[in-house]
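Pasting input04.csv here (CSV, C-alpha atoms and all ligand atoms):
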chain,number,residue,atom,x,y,z
B,25,MET,CA,6.3,-60.0,36.7
B,26,ASP,CA,5.5,-62.8,34.3
B,27,TYR,CA,2.0,-63.9,35.1
B,28,GLY,CA,0.1,-67.0,33.8
B,29,TYR,CA,-3.6,-66.5,33.4
B,30,ASN,CA,-4.4,-68.0,36.8
B,31,GLU,CA,-2.0,-65.6,38.6
B,32,LEU,CA,-3.2,-62.6,36.6
B,33,ILE,CA,-6.9,-63.3,37.3
B,34,GLN,CA,-6.1,-63.9,41.0
B,35,ALA,CA,-4.1,-60.7,41.2
B,36,GLY,CA,-7.2,-58.9,39.8
B,37,TYR,CA,-9.5,-60.4,42.4
B,38,ASP,CA,-7.0,-59.5,45.1
B,39,PHE,CA,-7.7,-55.8,44.5
B,40,ILE,CA,-11.4,-56.2,45.1
B,41,PRO,CA,-13.0,-56.3,48.6
B,42,SER,CA,-14.1,-59.9,49.3
B,43,ARG,CA,-17.7,-58.9,50.0
B,44,ILE,CA,-18.0,-57.8,46.4
B,45,ALA,CA,-15.6,-60.3,44.9
B,46,GLU,CA,-17.7,-63.2,46.2
B,47,HIS,CA,-20.5,-62.2,43.9
B,48,LEU,CA,-18.4,-62.2,40.8
B,49,HIS,CA,-18.2,-65.7,39.1
B,50,PRO,CA,-17.8,-65.2,35.4
B,51,ASP,CA,-16.5,-67.8,33.1
B,52,PHE,CA,-13.0,-67.1,31.7
B,53,PHE,CA,-12.0,-67.8,28.2
B,54,THR,CA,-8.3,-67.4,27.7
B,55,GLY,CA,-5.5,-67.7,25.2
B,56,THR,CA,-7.3,-68.0,21.9
B,57,ASN,CA,-9.6,-66.3,19.5
B,58,PRO,CA,-13.2,-66.2,21.0
B,59,ILE,CA,-14.7,-66.7,17.5
B,60,TYR,CA,-13.6,-70.4,17.7
B,61,ALA,CA,-15.8,-70.9,20.8
B,62,GLY,CA,-18.8,-69.1,19.3
B,63,LEU,CA,-18.5,-66.3,21.8
B,64,GLU,CA,-18.1,-63.6,19.0
B,65,SER,CA,-18.8,-63.5,15.3
B,66,ASP,CA,-16.3,-62.1,12.9
B,67,LYS,CA,-18.6,-59.0,12.6
B,68,SER,CA,-18.6,-58.2,16.3
B,69,LEU,CA,-16.9,-55.0,17.4
B,70,MET,CA,-16.1,-53.8,20.9
B,71,THR,CA,-17.2,-50.4,22.2
B,72,ASN,CA,-13.8,-49.0,21.3
B,73,GLY,CA,-14.4,-50.1,17.7
B,74,GLU,CA,-11.7,-52.8,17.8
B,75,SER,CA,-12.2,-56.5,17.0
B,76,PRO,CA,-12.8,-58.6,20.1
B,77,THR,CA,-10.7,-61.4,18.7
B,78,ASN,CA,-7.5,-60.1,20.2
B,79,SER,CA,-8.2,-57.9,23.2
B,80,ALA,CA,-9.6,-58.5,26.6
B,81,HIS,CA,-13.4,-57.8,27.0
B,82,PHE,CA,-16.6,-58.9,28.7
B,83,CYS,CA,-19.1,-61.0,26.8
B,84,CYS,CA,-22.6,-61.8,27.9
B,85,ARG,CA,-25.8,-62.2,25.9
B,86,TYR,CA,-29.4,-62.7,26.9
B,87,LEU,CA,-32.3,-64.1,24.9
B,88,GLU,CA,-34.1,-60.9,23.9
B,89,GLY,CA,-36.5,-59.6,26.5
B,90,THR,CA,-35.6,-62.3,29.0
B,91,MET,CA,-32.8,-63.0,31.5
B,92,ARG,CA,-32.0,-66.3,30.0
B,93,PHE,CA,-28.4,-66.5,28.9
B,94,ILE,CA,-27.4,-67.3,25.4
B,95,ILE,CA,-23.8,-66.6,26.5
B,96,PRO,CA,-23.2,-66.5,30.3
B,97,PRO,CA,-21.1,-63.7,31.7
B,98,THR,CA,-17.6,-64.4,30.3
B,99,ILE,CA,-14.3,-62.6,30.5
B,100,VAL,CA,-12.5,-63.2,27.3
B,101,LEU,CA,-8.7,-62.8,27.4
B,102,PRO,CA,-7.4,-63.7,23.9
B,103,GLU,CA,-4.0,-62.0,24.3
B,104,PRO,CA,-1.1,-63.6,26.2
B,105,PRO,CA,-1.2,-62.8,29.9
B,106,HIS,CA,2.0,-60.8,29.9
B,107,LEU,CA,0.2,-58.2,27.8
B,108,LEU,CA,-2.3,-57.6,30.6
B,109,TYR,CA,-2.3,-56.2,34.1
B,110,PRO,CA,-4.3,-57.1,37.1
B,111,ILE,CA,-6.3,-53.8,36.8
B,112,ASP,CA,-7.5,-55.1,33.3
B,113,ILE,CA,-9.1,-58.0,35.2
B,114,VAL,CA,-10.6,-55.6,37.7
B,115,HIS,CA,-12.1,-53.6,34.7
B,116,GLU,CA,-13.7,-56.7,33.2
B,117,LEU,CA,-15.0,-57.8,36.6
B,118,GLY,CA,-16.5,-54.3,36.8
B,119,HIS,CA,-18.5,-55.2,33.7
B,120,VAL,CA,-19.5,-58.5,35.4
B,121,LEU,CA,-20.7,-56.5,38.4
B,122,GLU,CA,-22.6,-54.1,36.1
B,123,SER,CA,-24.3,-57.0,34.5
B,124,ILE,CA,-25.7,-58.1,37.9
B,125,PHE,CA,-27.4,-54.7,38.1
B,126,ASN,CA,-28.7,-55.1,34.5
B,127,PHE,CA,-26.4,-52.3,33.3
B,128,ASP,CA,-28.7,-49.7,35.0
B,129,PHE,CA,-26.0,-47.5,36.5
B,130,TYR,CA,-23.4,-45.1,35.1
B,131,PHE,CA,-21.1,-42.6,36.6
B,132,ASP,CA,-19.5,-39.4,35.2
B,133,PRO,CA,-16.3,-40.5,33.5
B,134,ILE,CA,-13.0,-40.7,35.5
B,135,SER,CA,-10.8,-41.5,32.5
B,136,ASP,CA,-10.5,-40.7,28.8
B,137,TYR,CA,-11.8,-44.2,28.0
B,138,ALA,CA,-14.9,-43.7,30.0
B,139,LYS,CA,-15.4,-40.3,28.5
B,140,VAL,CA,-15.5,-41.6,25.0
B,141,HIS,CA,-17.7,-44.6,25.8
B,142,ILE,CA,-19.7,-43.3,28.8
B,143,TYR,CA,-22.7,-45.7,28.7
B,144,ASP,CA,-20.5,-48.8,28.1
B,145,GLU,CA,-17.4,-48.1,30.1
B,146,SER,CA,-18.1,-45.6,32.9
B,147,PHE,CA,-19.2,-48.2,35.4
B,148,ALA,CA,-16.2,-50.5,34.9
B,149,GLU,CA,-13.8,-47.5,35.0
B,150,ALA,CA,-15.5,-46.2,38.1
B,151,PHE,CA,-15.0,-49.6,39.7
B,152,CYS,CA,-11.3,-49.5,38.8
B,153,TYR,CA,-11.1,-46.1,40.5
B,154,TYR,CA,-12.9,-47.4,43.5
B,155,VAL,CA,-10.4,-50.2,44.1
B,156,CYS,CA,-7.3,-48.3,42.9
B,157,TYR,CA,-7.3,-44.5,43.7
B,158,ASP,CA,-4.6,-43.5,41.3
B,159,TYR,CA,-6.3,-45.2,38.4
B,160,ASN,CA,-8.0,-42.1,36.9
B,161,ASP,CA,-6.7,-40.0,34.0
B,162,PHE,CA,-7.9,-36.7,35.3
B,163,PRO,CA,-9.0,-35.1,38.6
B,164,VAL,CA,-12.2,-36.5,40.0
B,165,SER,CA,-14.5,-34.0,41.8
B,166,LYS,CA,-15.3,-34.5,45.5
B,167,GLU,CA,-18.9,-35.1,44.5
B,168,LEU,CA,-18.1,-37.9,42.1
B,169,ASP,CA,-15.6,-39.4,44.4
B,170,ARG,CA,-18.3,-39.5,47.1
B,171,GLU,CA,-20.9,-41.0,44.6
B,172,ILE,CA,-18.5,-43.7,43.5
B,173,ASN,CA,-17.4,-44.6,47.0
B,174,SER,CA,-20.8,-44.7,48.5
B,175,PHE,CA,-22.2,-46.8,45.7
B,176,PHE,CA,-19.5,-49.5,45.9
B,177,ASN,CA,-19.2,-49.2,49.7
B,178,GLY,CA,-22.9,-50.0,49.8
B,179,LEU,CA,-22.2,-53.3,48.2
B,180,TRP,CA,-20.2,-54.4,51.3
B,181,ASN,CA,-23.4,-55.3,53.0
B,182,TRP,CA,-25.0,-56.7,49.9
U,1,ZN,ZN,-14.7,-52.3,29.3
Take the structure I supplied and represent it as structure tokens, if you would.
Ligand SMILES: [Zn+2]
Amino acid sequence: MDYGYNELIQAGYDFIPSRIAEHLHPDFFTGTNPIYAGLESDKSLMTNGESPTNSAHFCCRYLEGTMRFIIPPTIVLPEPPHLLYPIDIVHELGHVLESIFNFDFYFDPISDYAKVHIYDESFAEAFCYYVCYDYNDFPVSKELDREINSFFNGLWNW
């Protein structure tokens, strides 16, 4: 299906239980290099070591030691929407959710990506697993499944 950004973003939100989705209000920056908007510098690197200028990522910065935003929670989507999937939006919204909890939680990895970047990516990847059961790359233990589900189910009454 050929999505525009609006349809892509909406399709991502559609995966997420509304009681959680209603807390997620990032800005979206789409379709061009985030350096032009001052969201990144040409020296920034993402957790996977790639430049943030051409791949989807979450961007958010606080004034050091405070909760005052320099850059408010922003999902940056530089690539054309046909190169992305709704689950990519879910992943980035997972980072938005994580930022609401001050990045204090992490889960054992459910994917190779989370395994390599456990402190940066395990929460967002666990969130994808929560909303889409066949998302994981390898078997998830019953214990981890229970941990992930009880954490995110707990947010239904948040
Ligand atoms: Zn991520």
Query raised in the report: Neighbours of range 117-126 of chain B within 9 Å (all atoms listed in the file; same-chain residues fewer than 5 positions away dropped), as a ChimeraX atom specification?
Result: /B:36-37,44-45,47-50,81-84,97-99,112,144-145,147-152
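Of the listed residues (B:Pro105, B:Asp38, B:Val164, B:His141), B:His141 comes nearest to Asn72 in chain B; the distances count only C-alpha atoms.
Of note, CA of Phe39 in chain B and CA of Pro102 in chain B are spaced 22.1 Å apart.
Candidate residues B:Tyr157, B:Lys67, B:Gly55, B:Arg43 were compared for distance to Leu108 in chain B, and the nearest is B:Gly55, using all atoms listed in the file.
Going from CA of Ile33 in chain B over to atom ZN of ligand ZN 1 (chain U), you cover 15.7 Å.
Between CA of Ala138 in chain B and CA of Glu171 in chain B the interatomic distance comes to 16.0 Å.
Of the residues listed (B:Glu116, B:Asp169, B:Asp51, B:Asp161), B:Glu116 shows the shortest atom-to-atom separation from ligand ZN 1 (chain U); distances use all atoms listed in the file.
Distance check against ligand ZN 1 (chain U) using only C-alpha atoms and all ligand atoms: of B:Asn160, B:Asn177, B:Ser146, B:Ser75, the minimum falls on B:Ser146.
When only C-alpha atoms and all ligand atoms are used to measure the gap to ligand ZN 1 (chain U), the shortest distance among B:Leu63, B:Val155, B:Ala80, B:Ile172 belongs to B:Ala80.
The residue that comes closest to ligand ZN 1 (chain U), out of B:Tyr27, B:Phe53, B:Tyr137, B:Tyr86 and on the basis of only C-alpha atoms and all ligand atoms, is B:Tyr137.
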